[in-house]
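Content type compact mmCIF, C-alpha atoms and all ligand atoms, from the file work14.txt:
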# COMPACT_ATOMS: atom_id res chain seq x y z
CA MET T 1 113.44 162.11 100.29
CA ILE T 2 113.92 162.50 96.52
CA LYS T 3 114.26 165.89 94.82
CA PHE T 4 113.98 166.35 91.08
CA ASP T 5 115.69 169.30 89.45
CA PHE T 6 114.78 169.47 85.78
CA ASN T 7 115.57 173.17 85.59
CA THR T 8 119.03 174.29 86.80
CA TYR T 9 120.99 172.51 84.06
CA VAL T 10 118.24 172.43 81.43
CA LYS T 11 116.92 176.00 81.46
CA ASP T 12 117.37 178.17 78.36
CA PHE T 13 116.86 175.04 76.25
CA ILE T 14 113.30 174.19 77.25
CA SER T 15 110.60 176.68 78.20
CA GLU T 16 107.96 176.15 80.88
CA ASP T 17 105.34 176.82 78.17
CA GLN T 18 106.57 173.88 76.13
CA ILE T 19 106.25 171.63 79.18
CA LYS T 20 102.82 173.00 80.09
CA LYS T 21 101.50 172.21 76.62
CA TYR T 22 102.10 168.51 77.28
CA GLN T 23 100.89 168.63 80.86
CA MET T 24 97.45 169.42 79.48
CA ILE T 25 97.19 165.81 78.36
CA THR T 26 97.62 164.48 81.92
CA PRO T 27 94.07 163.00 81.95
CA GLN T 28 94.82 161.00 78.78
CA ILE T 29 98.10 159.78 80.28
CA LYS T 30 96.31 158.67 83.46
CA GLU T 31 93.71 156.87 81.39
CA TYR T 32 96.48 155.14 79.40
CA LEU T 33 98.27 153.94 82.54
CA ASN T 34 95.05 152.83 84.20
CA THR T 35 93.63 150.92 81.27
CA ASN T 36 96.51 149.57 79.18
CA ASP T 37 96.43 145.76 78.97
CA MET T 38 100.14 145.51 79.84
CA ALA T 39 100.21 148.06 82.66
CA GLY T 40 99.66 145.54 85.46
CA TRP T 41 102.86 146.86 87.11
CA TYR T 42 101.15 150.26 87.62
CA HIS T 43 98.53 148.76 89.96
CA LEU T 44 100.77 148.36 92.98
CA ASP T 45 98.08 147.28 95.44
CA LYS T 46 97.45 144.13 93.41
CA LEU T 47 101.15 143.25 93.35
CA PHE T 48 101.94 143.92 96.98
CA ASN T 49 98.97 142.03 98.40
CA LYS T 50 99.32 140.30 101.79
CA GLU T 51 99.03 136.77 100.43
CA ILE T 52 101.80 137.23 97.85
CA LEU T 53 104.07 139.08 100.31
CA ASN T 54 103.65 136.37 102.96
CA ASP T 55 104.40 133.62 100.46
CA ILE T 56 107.52 135.47 99.26
CA ASN T 57 108.80 136.25 102.75
CA GLN T 58 108.22 132.70 104.03
CA THR T 59 109.92 131.21 100.97
CA ALA T 60 112.83 133.64 101.37
CA THR T 61 113.30 132.57 105.00
CA TYR T 62 113.19 128.92 103.94
CA ILE T 63 115.84 129.58 101.26
CA ARG T 64 118.09 131.42 103.72
CA ASP T 65 117.82 128.54 106.22
CA ASN T 66 118.42 125.74 103.75
CA CYS T 67 121.26 126.54 101.36
CA ASP T 68 124.71 128.08 101.03
CA VAL T 69 124.16 129.14 97.44
CA PHE T 70 121.00 130.59 95.93
CA LEU T 71 121.05 130.63 92.12
CA VAL T 72 118.71 132.91 90.19
CA LEU T 73 118.40 131.78 86.56
CA GLY T 74 117.04 134.36 84.12
CA ILE T 75 117.91 136.99 81.56
CA GLY T 76 116.85 140.59 80.77
CA GLY T 77 113.81 141.61 82.77
CA SER T 78 113.86 138.25 84.52
CA TYR T 79 116.91 139.22 86.58
CA LEU T 80 117.98 142.86 86.25
CA GLY T 81 115.44 144.26 88.75
CA ALA T 82 116.42 141.80 91.47
CA ALA T 83 120.13 142.25 90.73
CA SER T 84 119.79 146.05 91.00
CA GLY T 85 117.93 145.86 94.29
CA ILE T 86 120.31 143.38 95.90
CA GLU T 87 123.37 145.35 94.80
CA ALA T 88 122.00 148.77 95.77
CA LEU T 89 120.62 147.85 99.18
CA ASN T 90 123.29 145.56 100.54
CA GLN T 91 126.91 146.05 101.45
CA TYR T 92 129.67 145.77 98.86
CA TYR T 93 131.20 142.28 98.42
CA TYR T 94 127.89 140.75 99.53
CA ASN T 95 128.84 137.18 98.58
CA ASN T 96 132.04 137.34 100.64
CA SER T 97 130.23 137.76 103.91
CA MET T 98 126.53 136.89 103.54
CA SER T 99 124.69 133.60 103.47
CA PRO T 100 123.39 132.32 101.20
CA GLN T 101 125.63 133.61 98.46
CA ILE T 102 123.40 134.83 95.62
CA TYR T 103 124.42 134.34 91.98
CA PHE T 104 122.53 135.53 88.91
CA VAL T 105 123.10 133.04 86.11
CA GLY T 106 121.39 132.37 82.79
CA HIS T 107 122.39 135.68 81.22
CA ASN T 108 125.09 134.38 78.89
CA LEU T 109 126.14 131.38 76.78
CA SER T 110 129.76 131.19 77.93
CA SER T 111 131.06 127.67 78.32
CA ASP T 112 133.89 128.81 80.63
CA TYR T 113 131.39 130.65 82.81
CA TYR T 114 129.26 127.55 83.46
CA HIS T 115 132.31 125.33 83.86
CA ASP T 116 133.77 127.62 86.51
CA LEU T 117 130.43 128.29 88.19
CA ILE T 118 129.65 124.60 88.57
CA ASN T 119 133.14 123.85 89.88
CA ASN T 120 132.73 126.63 92.39
CA ILE T 121 129.38 125.55 93.80
CA LYS T 122 129.23 121.78 93.31
CA GLU T 123 130.09 120.90 96.92
CA LYS T 124 127.71 123.47 98.38
CA SER T 125 124.07 123.22 99.36
CA ILE T 126 122.07 124.82 96.52
CA ILE T 127 118.56 126.16 95.95
CA ILE T 128 117.61 127.55 92.55
CA ASN T 129 114.94 129.96 91.33
CA VAL T 130 114.46 129.68 87.57
CA ILE T 131 112.63 132.70 86.15
CA SER T 132 111.17 132.93 82.66
CA LYS T 133 107.80 134.29 81.66
CA SER T 134 107.78 132.48 78.33
CA GLY T 135 109.65 129.42 79.57
CA SER T 136 111.34 129.26 76.18
CA THR T 137 114.27 131.71 76.39
CA LEU T 138 117.38 129.87 75.17
CA GLU T 139 119.87 131.27 77.69
CA THR T 140 117.62 130.44 80.66
CA LYS T 141 116.68 127.04 79.24
CA LEU T 142 120.31 126.00 78.79
CA ALA T 143 121.31 127.34 82.21
CA TYR T 144 118.42 125.39 83.75
CA GLN T 145 119.50 122.23 81.94
CA LEU T 146 123.15 122.57 83.05
CA ILE T 147 122.31 123.42 86.65
CA MET T 148 119.67 120.68 86.86
CA ASP T 149 122.30 118.14 85.71
CA LEU T 150 124.34 119.22 88.73
CA MET T 151 121.29 119.23 91.02
CA ARG T 152 120.25 115.71 89.94
CA SER T 153 123.77 114.44 90.60
CA LYS T 154 123.53 115.80 94.17
CA TYR T 155 119.90 115.38 95.20
CA SER T 156 117.06 112.83 95.02
CA GLU T 157 113.82 113.67 93.15
CA GLN T 158 112.18 114.18 96.53
CA GLU T 159 114.89 116.59 97.65
CA LEU T 160 114.71 118.50 94.36
CA LYS T 161 111.14 119.45 95.18
CA LYS T 162 112.55 121.41 98.14
CA ARG T 163 115.32 123.00 96.08
CA VAL T 164 113.78 124.10 92.80
CA ILE T 165 111.55 127.18 92.69
CA VAL T 166 109.99 128.34 89.43
CA THR T 167 108.67 131.80 88.54
CA THR T 168 106.70 131.83 85.29
CA ASP T 169 103.33 132.38 83.61
CA GLU T 170 100.30 131.14 85.54
CA GLU T 171 99.16 128.67 82.89
CA THR T 172 101.35 128.38 79.83
CA GLY T 173 104.96 127.56 78.86
CA ALA T 174 107.47 124.77 79.42
CA LEU T 175 108.26 125.85 82.99
CA ARG T 176 104.60 125.76 84.04
CA THR T 177 104.37 122.25 82.57
CA GLU T 178 107.50 121.31 84.58
CA VAL T 179 105.88 122.66 87.76
CA ASN T 180 102.71 120.68 87.07
CA GLU T 181 104.63 117.48 86.36
CA GLN T 182 107.32 117.69 89.05
CA GLY T 183 105.42 119.47 91.81
CA TYR T 184 107.99 122.25 92.23
CA LYS T 185 107.16 125.33 94.28
CA SER T 186 106.15 128.15 91.91
CA PHE T 187 105.36 131.84 91.70
CA VAL T 188 103.37 133.67 89.04
CA LEU T 189 104.51 136.48 86.77
CA PRO T 190 101.12 137.98 85.84
CA ARG T 191 100.13 137.92 82.17
CA ASN T 192 99.67 141.72 82.10
CA ILE T 193 103.28 142.50 83.13
CA GLY T 194 106.31 142.21 80.82
CA GLY T 195 109.75 141.13 82.07
CA ARG T 196 111.33 144.58 82.28
CA TYR T 197 108.37 145.90 84.29
CA SER T 198 108.35 142.90 86.66
CA VAL T 199 110.57 144.09 89.51
CA PHE T 200 107.61 144.31 91.92
CA THR T 201 106.38 140.78 91.14
CA PRO T 202 107.96 137.61 92.59
CA VAL T 203 110.52 137.91 89.74
CA GLY T 204 112.21 140.77 91.60
CA LEU T 205 110.78 140.47 95.10
CA LEU T 206 111.75 136.88 95.97
CA PRO T 207 115.52 137.21 95.31
CA MET T 208 115.49 140.62 97.03
CA ALA T 209 113.71 139.16 100.07
CA VAL T 210 116.32 136.37 100.26
CA SER T 211 118.93 139.09 100.78
CA LYS T 212 116.74 140.43 103.65
CA ILE T 213 115.51 143.50 101.78
CA ASP T 214 112.26 144.69 103.36
CA ILE T 215 109.97 144.36 100.34
CA GLU T 216 107.05 146.10 102.06
CA LYS T 217 109.15 149.26 102.24
CA LEU T 218 109.71 149.08 98.48
CA TYR T 219 105.94 149.37 98.24
CA ILE T 220 105.87 152.55 100.36
CA GLY T 221 108.34 154.25 98.00
CA SER T 222 106.72 153.02 94.79
CA LYS T 223 103.31 154.16 96.01
CA GLU T 224 104.71 157.61 96.68
CA ALA T 225 105.95 157.73 93.08
CA ASN T 226 102.45 156.85 91.84
CA ASP T 227 101.07 159.68 93.98
CA ASN T 228 103.42 162.17 92.26
CA LEU T 229 102.65 161.36 88.64
CA GLU T 230 103.29 164.93 87.47
CA THR T 231 107.06 164.48 88.00
CA GLN T 232 107.10 161.37 85.79
CA ILE T 233 105.15 163.28 83.13
CA LYS T 234 107.57 166.22 83.31
CA TYR T 235 110.61 163.97 82.90
CA ALA T 236 109.02 162.17 79.93
CA VAL T 237 108.13 165.52 78.33
CA ILE T 238 111.68 166.87 78.80
CA ARG T 239 113.08 163.72 77.16
CA LYS T 240 110.72 164.21 74.22
CA LEU T 241 111.60 167.91 73.84
CA LEU T 242 115.33 167.13 73.97
CA TYR T 243 114.90 164.35 71.40
CA ASP T 244 113.08 166.81 69.13
CA GLN T 245 116.15 169.10 69.48
CA GLY T 246 118.40 166.31 68.18
CA LYS T 247 119.56 164.78 71.45
CA LEU T 248 119.79 161.13 70.46
CA VAL T 249 121.50 159.69 73.54
CA GLU T 250 120.59 159.79 77.23
CA ALA T 251 123.32 158.93 79.73
CA TYR T 252 122.21 157.67 83.13
CA VAL T 253 124.92 158.92 85.46
CA VAL T 254 125.63 157.66 88.97
CA TYR T 255 128.38 158.41 91.46
CA GLU T 256 127.53 155.42 93.67
CA PRO T 257 128.85 152.22 92.01
CA LYS T 258 126.24 150.21 93.95
CA LEU T 259 123.83 151.55 91.34
CA TYR T 260 125.69 149.85 88.48
CA SER T 261 123.05 147.13 87.98
CA PHE T 262 120.31 149.73 88.36
CA THR T 263 121.79 151.55 85.35
CA GLU T 264 121.76 148.22 83.48
CA TRP T 265 118.09 147.84 84.41
CA LEU T 266 117.44 151.39 83.16
CA LYS T 267 119.18 150.73 79.85
CA GLN T 268 117.08 147.64 79.25
CA LEU T 269 113.87 149.38 80.29
CA TYR T 270 114.33 152.39 78.01
CA GLY T 271 116.15 150.63 75.17
CA GLU T 272 113.75 147.71 74.80
CA SER T 273 110.63 149.77 75.44
CA LEU T 274 111.27 152.77 73.20
CA GLY T 275 113.76 151.83 70.48
CA LYS T 276 111.17 151.24 67.76
CA LYS T 277 109.98 152.49 64.36
CA ASP T 278 113.53 153.69 63.54
CA GLN T 279 113.33 156.20 66.38
CA GLY T 280 114.15 156.60 70.07
CA ILE T 281 116.86 157.85 72.43
CA LEU T 282 119.76 155.45 72.99
CA PRO T 283 120.21 154.89 76.75
CA ILE T 284 123.78 154.55 78.01
CA SER T 285 125.32 154.81 81.47
CA PHE T 286 128.30 156.37 83.22
CA ILE T 287 129.61 155.21 86.57
CA ASN T 288 131.42 158.29 87.88
CA SER T 289 133.84 159.50 88.80
CA ARG T 290 135.43 156.48 86.99
CA ASP T 291 134.00 157.33 83.57
CA LEU T 292 134.95 161.00 83.79
CA HIS T 293 138.46 159.70 83.19
CA SER T 294 137.45 157.78 80.08
CA LEU T 295 134.40 159.36 78.44
CA GLY T 296 134.40 162.71 80.25
CA GLN T 297 136.39 164.36 77.46
CA PHE T 298 133.83 163.32 74.83
CA ILE T 299 130.93 164.58 76.89
CA GLN T 300 132.54 167.96 77.56
CA GLN T 301 133.84 168.75 74.08
CA GLY T 302 132.66 166.03 71.71
CA ASN T 303 129.57 165.69 69.53
CA LYS T 304 126.58 167.23 71.34
CA ILE T 305 124.26 164.28 70.79
CA LEU T 306 123.61 163.51 74.41
CA PHE T 307 122.04 164.72 77.61
CA GLU T 308 122.47 163.29 81.10
CA THR T 309 120.15 162.17 83.88
CA VAL T 310 122.17 162.16 87.08
CA ILE T 311 121.16 160.19 90.18
CA ASN T 312 122.97 161.48 93.28
CA ILE T 313 122.92 159.77 96.67
CA LYS T 314 123.30 162.64 99.11
CA LYS T 315 124.05 160.66 102.32
CA SER T 316 126.16 157.53 102.52
CA ASN T 317 125.58 154.72 105.02
CA HIS T 318 129.10 154.99 106.43
CA ASP T 319 130.94 158.27 106.50
CA ILE T 320 134.70 158.47 106.08
CA LYS T 321 136.36 161.71 107.11
CA ILE T 322 139.02 163.19 104.78
CA ASP T 323 140.97 165.49 107.07
CA GLN T 324 142.81 167.61 104.52
CA TYR T 325 139.50 168.88 103.09
CA ASP T 326 137.64 168.75 106.38
CA LYS T 327 134.88 166.90 104.57
CA SER T 328 133.53 163.38 104.31
CA LEU T 329 134.37 161.28 101.26
CA ASN T 330 130.69 161.34 100.37
CA ASP T 331 130.70 165.16 100.46
CA ILE T 332 133.60 165.08 98.03
CA ASN T 333 131.67 162.65 95.80
CA ASN T 334 128.69 165.04 95.80
CA ILE T 335 130.95 167.97 94.99
CA ALA T 336 132.39 165.97 92.06
CA SER T 337 128.85 165.48 90.77
CA LYS T 338 127.95 169.16 91.11
CA ALA T 339 131.22 170.33 89.49
CA THR T 340 130.61 167.95 86.59
CA SER T 341 127.03 169.12 86.01
CA ILE T 342 128.20 172.76 85.99
CA ALA T 343 131.07 171.96 83.60
CA HIS T 344 128.88 169.90 81.27
CA PHE T 345 126.15 172.55 81.24
CA ASN T 346 128.83 175.15 80.39
CA GLY T 347 129.67 172.86 77.47
CA ASN T 348 125.96 172.76 76.44
CA VAL T 349 125.33 169.27 77.77
CA LEU T 350 122.04 169.35 79.67
CA ASN T 351 121.57 167.56 82.99
CA ASN T 352 118.41 166.35 84.72
CA ILE T 353 119.22 165.95 88.41
CA ILE T 354 117.66 163.43 90.79
CA ASP T 355 118.88 163.92 94.38
CA VAL T 356 118.15 160.92 96.59
CA ASP T 357 118.66 161.73 100.21
CA ALA T 358 119.77 158.15 101.10
CA LEU T 359 119.72 154.79 99.37
CA ASN T 360 117.15 152.56 101.07
CA GLU T 361 114.11 150.41 100.24
CA GLU T 362 111.76 153.38 100.08
CA THR T 363 113.89 155.55 97.81
CA LEU T 364 114.81 152.65 95.54
CA GLY T 365 111.14 151.63 95.34
CA TYR T 366 110.36 155.19 94.31
CA LEU T 367 113.06 155.18 91.61
CA PHE T 368 111.93 151.86 90.12
CA GLN T 369 108.34 153.07 89.83
CA PHE T 370 109.35 156.57 88.69
CA PHE T 371 111.37 155.21 85.77
CA MET T 372 108.87 152.49 84.74
CA THR T 373 106.05 155.03 84.70
CA SER T 374 107.94 157.73 82.82
CA CYS T 375 109.14 155.13 80.33
CA ALA T 376 105.54 154.09 79.63
CA ILE T 377 104.57 157.77 79.32
CA SER T 378 107.45 158.30 76.86
CA GLY T 379 106.01 155.46 74.78
CA TYR T 380 102.65 157.20 74.81
CA LEU T 381 104.19 160.56 73.80
CA GLU T 382 106.32 158.98 71.06
CA ASP T 383 103.49 156.80 69.77
CA VAL T 384 105.31 153.49 70.24
CA ASN T 385 104.20 150.50 72.27
CA PRO T 386 106.52 150.48 75.32
CA PHE T 387 105.47 146.96 76.30
CA ASP T 388 106.48 144.83 73.32
CA GLN T 389 109.91 143.90 71.90
CA GLU T 390 109.34 142.39 68.48
CA GLY T 391 112.80 143.48 67.33
CA VAL T 392 114.47 141.08 69.75
CA GLU T 393 112.78 138.16 68.00
CA GLU T 394 114.72 138.65 64.76
CA TYR T 395 118.10 137.44 66.07
CA LYS T 396 116.35 134.56 67.83
CA ARG T 397 114.67 133.50 64.59
CA ILE T 398 117.98 133.51 62.69
CA MET T 399 119.72 131.71 65.54
CA ARG T 400 117.08 128.95 65.58
CA GLU T 401 117.58 128.53 61.83
CA LEU T 402 121.36 128.29 62.23
CA LEU T 403 121.02 125.81 65.10
CA VAL T 404 118.51 123.59 63.32
CA ASN T 405 120.53 123.56 60.09
CA ASN T 406 123.77 122.77 61.94
CA MET T 407 125.48 125.92 60.69
CA ASN T 408 128.15 127.60 62.81
O1 LIG L 1 111.54 142.68 79.22
C1 LIG L 1 111.38 141.64 78.60
O2 LIG L 1 110.27 141.23 78.26
C2 LIG L 1 112.56 140.76 78.24
O3 LIG L 1 113.77 141.35 78.59
C3 LIG L 1 112.46 139.43 78.98
O4 LIG L 1 112.45 139.66 80.36
C4 LIG L 1 113.62 138.51 78.61
O5 LIG L 1 113.71 138.38 77.23
C5 LIG L 1 113.43 137.14 79.24
O6 LIG L 1 112.21 136.60 78.83
P1 LIG L 1 111.57 135.39 79.60
O7 LIG L 1 111.20 135.86 80.97
O8 LIG L 1 110.38 135.00 78.79
O9 LIG L 1 112.61 134.31 79.66
Show this structure as structure tokens.
Amino acid sequence: MIKFDFNTYVKDFISEDQIKKYQMITPQIKEYLNTNDMAGWYHLDKLFNKEILNDINQTATYIRDNCDVFLVLGIGGSYLGAASGIEALNQYYYNNSMSPQIYFVGHNLSSDYYHDLINNIKEKSIIINVISKSGSTLETKLAYQLIMDLMRSKYSEQELKKRVIVTTDEETGALRTEVNEQGYKSFVLPRNIGGRYSVFTPVGLLPMAVSKIDIEKLYIGSKEANDNLETQIKYAVIRKLLYDQGKLVEAYVVYEPKLYSFTEWLKQLYGESLGKKDQGILPISFINSRDLHSLGQFIQQGNKILFETVINIKKSNHDIKIDQYDKSLNDINNIASKATSIAHFNGNVLNNIIDVDALNEETLGYLFQFFMTSCAISGYLEDVNPFDQEGVEEYKRIMRELLVNNMN
């Protein structure tokens, strides 16, 4: 269902011998994934256990039956996985035709955004899921405060208990205290899983289940990825070898715009996990064929700092025939991808190709797990910790100082 081609548009630049040298450390990589304190996401059987799945599916049904608007409050790893899944596996313009409408909020500090959001939803029946592992992230905290002001103006304390769902650490943090004091329904983000690796915990699974995604099928795909670890190792090794050759940027390229949020998830995963010690590949994304008409020129003939990892969806859900070419629109999209890879390779821009036969729960589950695992392996190969993000704290520290000292 997924084919990886790390050869056609890479050959001549990387030899099989170079790859084999790294493959010899497969046992150490397995040991690392199996024993690292923050690799809870790798142990899929613990995440997809019956009890958790039942709780998520029952809660999702309850949410669907009891609101018009479902708000997911969170930022970074606390929303990008769910947003990618919902966007990739549902029809376009989801909120125009599905109930409940699902909005991801808490990822910005825009006054206009919250003003307009609240005006838009204030007459509707609302359930919220606030997601924060730490419980202290400013954007999520402020969103929670603003939305709870609205919720309290609409609902009694008793009713709020049916409309506020919290996903956070099992024991610590302000949100856990809130759950203990108010009696809100809650889910746990396990201690040994960081936000950007949390898509297969209730952080990602509950919002996806609300949109009727079959979360058990995500498990089937992710498990298959775990069973094919050598592909993840190969991809991580190729990234390392290209970095050693001076490739400083990796572009994640898609031709299916439904994968837009997935590319955002990828950028966070690779950027926050590996950009450390003054090193690392900068992850960017292209949504083609749109971006061929903006950045395509740079890629073809500009500075050769980048390589591409292209995710193609071979079959669409709904075919549209284009008579003058005697082809479907999706065929034409696939031809655009192939033509671009050939052209870019001719211009010495290397392409890793991932051909997904169709976009569904199983293939997306595979892709999530494939990229999380190879990202962790990249951290191992590059000798950085792929599970922390100390650099993000610096702006927060300065911001706290500015806020406390009343400086604008
Ligand atoms: O991947 C990460 O750890 C981060 O992106 C977090 O998910 C993000 O900063 C939000 O943190 P929290 O869930 O504690 O609010």
Around ligand LIG 1 (chain L), out to 9 Å and counting only C-alpha atoms and all ligand atoms, which residues are there? I want them as a PDB file with C-alpha atoms, in the coordinates of the input.
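Listing of pocket_10.pdb after writing:
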ATOM      1  CA  GLY T  74     117.040 134.360  84.120  1.00  0.00           C
ATOM      2  CA  ILE T  75     117.910 136.990  81.560  1.00  0.00           C
ATOM      3  CA  GLY T  76     116.850 140.590  80.770  1.00  0.00           C
ATOM      4  CA  GLY T  77     113.810 141.610  82.770  1.00  0.00           C
ATOM      5  CA  SER T  78     113.860 138.250  84.520  1.00  0.00           C
ATOM      6  CA  TYR T  79     116.910 139.220  86.580  1.00  0.00           C
ATOM      7  CA  LEU T  80     117.980 142.860  86.250  1.00  0.00           C
ATOM      8  CA  ILE T 131     112.630 132.700  86.150  1.00  0.00           C
ATOM      9  CA  SER T 132     111.170 132.930  82.660  1.00  0.00           C
ATOM     10  CA  LYS T 133     107.800 134.290  81.660  1.00  0.00           C
ATOM     11  CA  SER T 134     107.780 132.480  78.330  1.00  0.00           C
ATOM     12  CA  GLY T 135     109.650 129.420  79.570  1.00  0.00           C
ATOM     13  CA  SER T 136     111.340 129.260  76.180  1.00  0.00           C
ATOM     14  CA  THR T 137     114.270 131.710  76.390  1.00  0.00           C
ATOM     15  CA  LEU T 138     117.380 129.870  75.170  1.00  0.00           C
ATOM     16  CA  GLU T 139     119.870 131.270  77.690  1.00  0.00           C
ATOM     17  CA  THR T 140     117.620 130.440  80.660  1.00  0.00           C
ATOM     18  CA  LYS T 141     116.680 127.040  79.240  1.00  0.00           C
ATOM     19  CA  THR T 167     108.670 131.800  88.540  1.00  0.00           C
ATOM     20  CA  THR T 168     106.700 131.830  85.290  1.00  0.00           C
ATOM     21  CA  ASP T 169     103.330 132.380  83.610  1.00  0.00           C
ATOM     22  CA  LEU T 189     104.510 136.480  86.770  1.00  0.00           C
ATOM     23  CA  ILE T 193     103.280 142.500  83.130  1.00  0.00           C
ATOM     24  CA  GLY T 194     106.310 142.210  80.820  1.00  0.00           C
ATOM     25  CA  GLY T 195     109.750 141.130  82.070  1.00  0.00           C
ATOM     26  CA  ARG T 196     111.330 144.580  82.280  1.00  0.00           C
ATOM     27  CA  TYR T 197     108.370 145.900  84.290  1.00  0.00           C
ATOM     28  CA  SER T 198     108.350 142.900  86.660  1.00  0.00           C
ATOM     29  CA  GLN T 268     117.080 147.640  79.250  1.00  0.00           C
ATOM     30  CA  LEU T 269     113.870 149.380  80.290  1.00  0.00           C
ATOM     31  CA  GLU T 272     113.750 147.710  74.800  1.00  0.00           C
ATOM     32  CA  SER T 273     110.630 149.770  75.440  1.00  0.00           C
ATOM     33  CA  PHE T 387     105.470 146.960  76.300  1.00  0.00           C
ATOM     34  CA  ASP T 388     106.480 144.830  73.320  1.00  0.00           C
ATOM     35  CA  GLN T 389     109.910 143.900  71.900  1.00  0.00           C
ATOM     36  CA  VAL T 392     114.470 141.080  69.750  1.00  0.00           C
TER      37      VAL T 392
END
What's the 8 Å shell around Phe262 in chain T, counting all atoms listed in the file, without same-chain residues fewer than 2 positions away, as a CSV table (one decimal) with C-alpha atoms, in the frame of the given file?
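Result file follows (selection.csv):
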chain,number,residue,atom,x,y,z
T,80,LEU,CA,118.0,142.9,86.2
T,81,GLY,CA,115.4,144.3,88.8
T,83,ALA,CA,120.1,142.2,90.7
T,84,SER,CA,119.8,146.0,91.0
T,85,GLY,CA,117.9,145.9,94.3
T,88,ALA,CA,122.0,148.8,95.8
T,259,LEU,CA,123.8,151.6,91.3
T,260,TYR,CA,125.7,149.8,88.5
T,264,GLU,CA,121.8,148.2,83.5
T,265,TRP,CA,118.1,147.8,84.4
T,266,LEU,CA,117.4,151.4,83.2
Between T:Ala251, T:Ala343, T:Ala358, T:Leu47, which has the minimum distance to Leu89 in chain T (counting all atoms listed in the file)?
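That would be T:Ala358, the residue with the smallest distance to Leu89 in chain T.
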Pick from T:Glu256, T:Pro27, T:Glu308, T:Lys212: nearest to Tyr92 in chain T, with all atoms listed in the file counted?
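Counting all atoms listed in the file, the residue closest to Tyr92 in chain T is T:Glu256.
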Please return the centre and edge lengths, in Å to one decimal, of a box with edges along x, y and z that contains all listed atoms of range 250-268 of chain T, widened by 3 Å on every side, as JSON.
{"center_x": 123.0, "center_y": 153.5, "center_z": 85.6, "size_x": 17.8, "size_y": 18.7, "size_z": 22.7}
Per residue of range 122-168 of chain T within 12 Å of range 58-62 of chain T, note the shortest atom pair and the distance in Å to one decimal, counting all atoms listed in the file, and order the rows by chain and increasing residue number, as a Markdown table.
| residue | atom | partner | partner_atom | distance |
| --- | --- | --- | --- | --- |
| T:Ile127 | CA | T:Tyr62 | CA | 10.0 |
| T:Ile128 | CA | T:Ala60 | CA | 11.7 |
| T:Asn129 | CA | T:Ala60 | CA | 10.9 |
| T:Lys162 | CA | T:Tyr62 | CA | 9.5 |
| T:Arg163 | CA | T:Tyr62 | CA | 10.1 |
| T:Val164 | CA | T:Thr59 | CA | 11.5 |
| T:Ile165 | CA | T:Thr59 | CA | 9.4 |
| T:Val166 | CA | T:Thr59 | CA | 11.9 |
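For Phe345 in chain T, the list of residues within 12 Å, based on only C-alpha atoms and with local chain neighbours fewer than 2 positions off taken out, reads T:Asn7, T:Thr8, T:Tyr9, T:Val10, T:Lys11, T:Asp12, T:Phe13, T:Ile299, T:Gln300, T:Gln301, T:Lys304, T:Leu306, T:Phe307, T:Glu308, T:Lys338, T:Ala339, T:Thr340, T:Ser341, T:Ile342, T:Ala343, T:Gly347, T:Asn348, T:Val349, T:Leu350, T:Asn351, T:Asn352, T:Ile353.
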Pairwise distance for CA of Val203 in chain T and CA of Met148 in chain T, rounded to one decimal in Å
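Atom-to-atom, CA of Val203 in chain T to CA of Met148 in chain T, that is 19.7 Å.
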Among T:Asn334, T:Ser316, T:Asn192, T:Asn228, Thr35 in chain T is approached most closely, using only C-alpha atoms, by T:Asn192
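Coordinates place CA of Leu218 in chain T at a distance of 10.3 Å from CA of Val199 in chain T.
Shortest separation to Asn385 in chain T among T:Asp326, T:Glu16, T:Asp37, T:Asp244 occurs at residue T:Asp37, atoms counted being all atoms listed in the file.
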Sorted by chain and rising residue number, which residues of range 219-267 of chain T lie within 9 Å of range 17-21 of chain T, and what are their closest atom pairs and distances in Å to one decimal, counting only C-alpha atoms, as a Markdown table?
| residue | atom | partner | partner_atom | distance |
| --- | --- | --- | --- | --- |
| T:Lys234 | CA | T:Ile19 | CA | 6.9 |
| T:Val237 | CA | T:Ile19 | CA | 6.4 |
| T:Ile238 | CA | T:Ile19 | CA | 7.2 |
| T:Leu241 | CA | T:Gln18 | CA | 8.1 |
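Shortest separation to Lys3 in chain T among T:Arg400, T:Lys314, T:Lys258, T:Lys247 occurs at residue T:Lys314, atoms counted being all atoms listed in the file.
The closest residue to Asn95 in chain T, picked from T:Ser211, T:Asn226, T:Gln145, T:Thr309 and counting all atoms listed in the file, is T:Ser211.
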What's the 8 Å shell around Val254 in chain T, counting only C-alpha atoms, without same-chain residues fewer than 3 positions away, as JSON, numbers by chain?
{"T": [257, 259, 260, 286, 287, 288, 310, 311, 312]}
Using CA of Gln23 in chain T and CA of Gln369 in chain T as the two end points, give the distance in Å to one decimal.
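Rounded to one decimal, the two atoms are 19.4 Å apart.
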Range 118-125 of chain T surroundings by only C-alpha atoms, 8 Å radius, close-in-sequence under 3 positions cut, as number ranges by chain
T: 66-69, 114-115, 147, 150
Just the selected residues (C-alpha atoms), exported as a PDB file, in the coordinates of the input, please.
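selection.pdb, freshly written:
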ATOM      1  CA  ASN T  66     118.420 125.740 103.750  1.00  0.00           C
ATOM      2  CA  CYS T  67     121.260 126.540 101.360  1.00  0.00           C
ATOM      3  CA  ASP T  68     124.710 128.080 101.030  1.00  0.00           C
ATOM      4  CA  VAL T  69     124.160 129.140  97.440  1.00  0.00           C
ATOM      5  CA  TYR T 114     129.260 127.550  83.460  1.00  0.00           C
ATOM      6  CA  HIS T 115     132.310 125.330  83.860  1.00  0.00           C
ATOM      7  CA  ILE T 147     122.310 123.420  86.650  1.00  0.00           C
ATOM      8  CA  LEU T 150     124.340 119.220  88.730  1.00  0.00           C
TER       9      LEU T 150
END
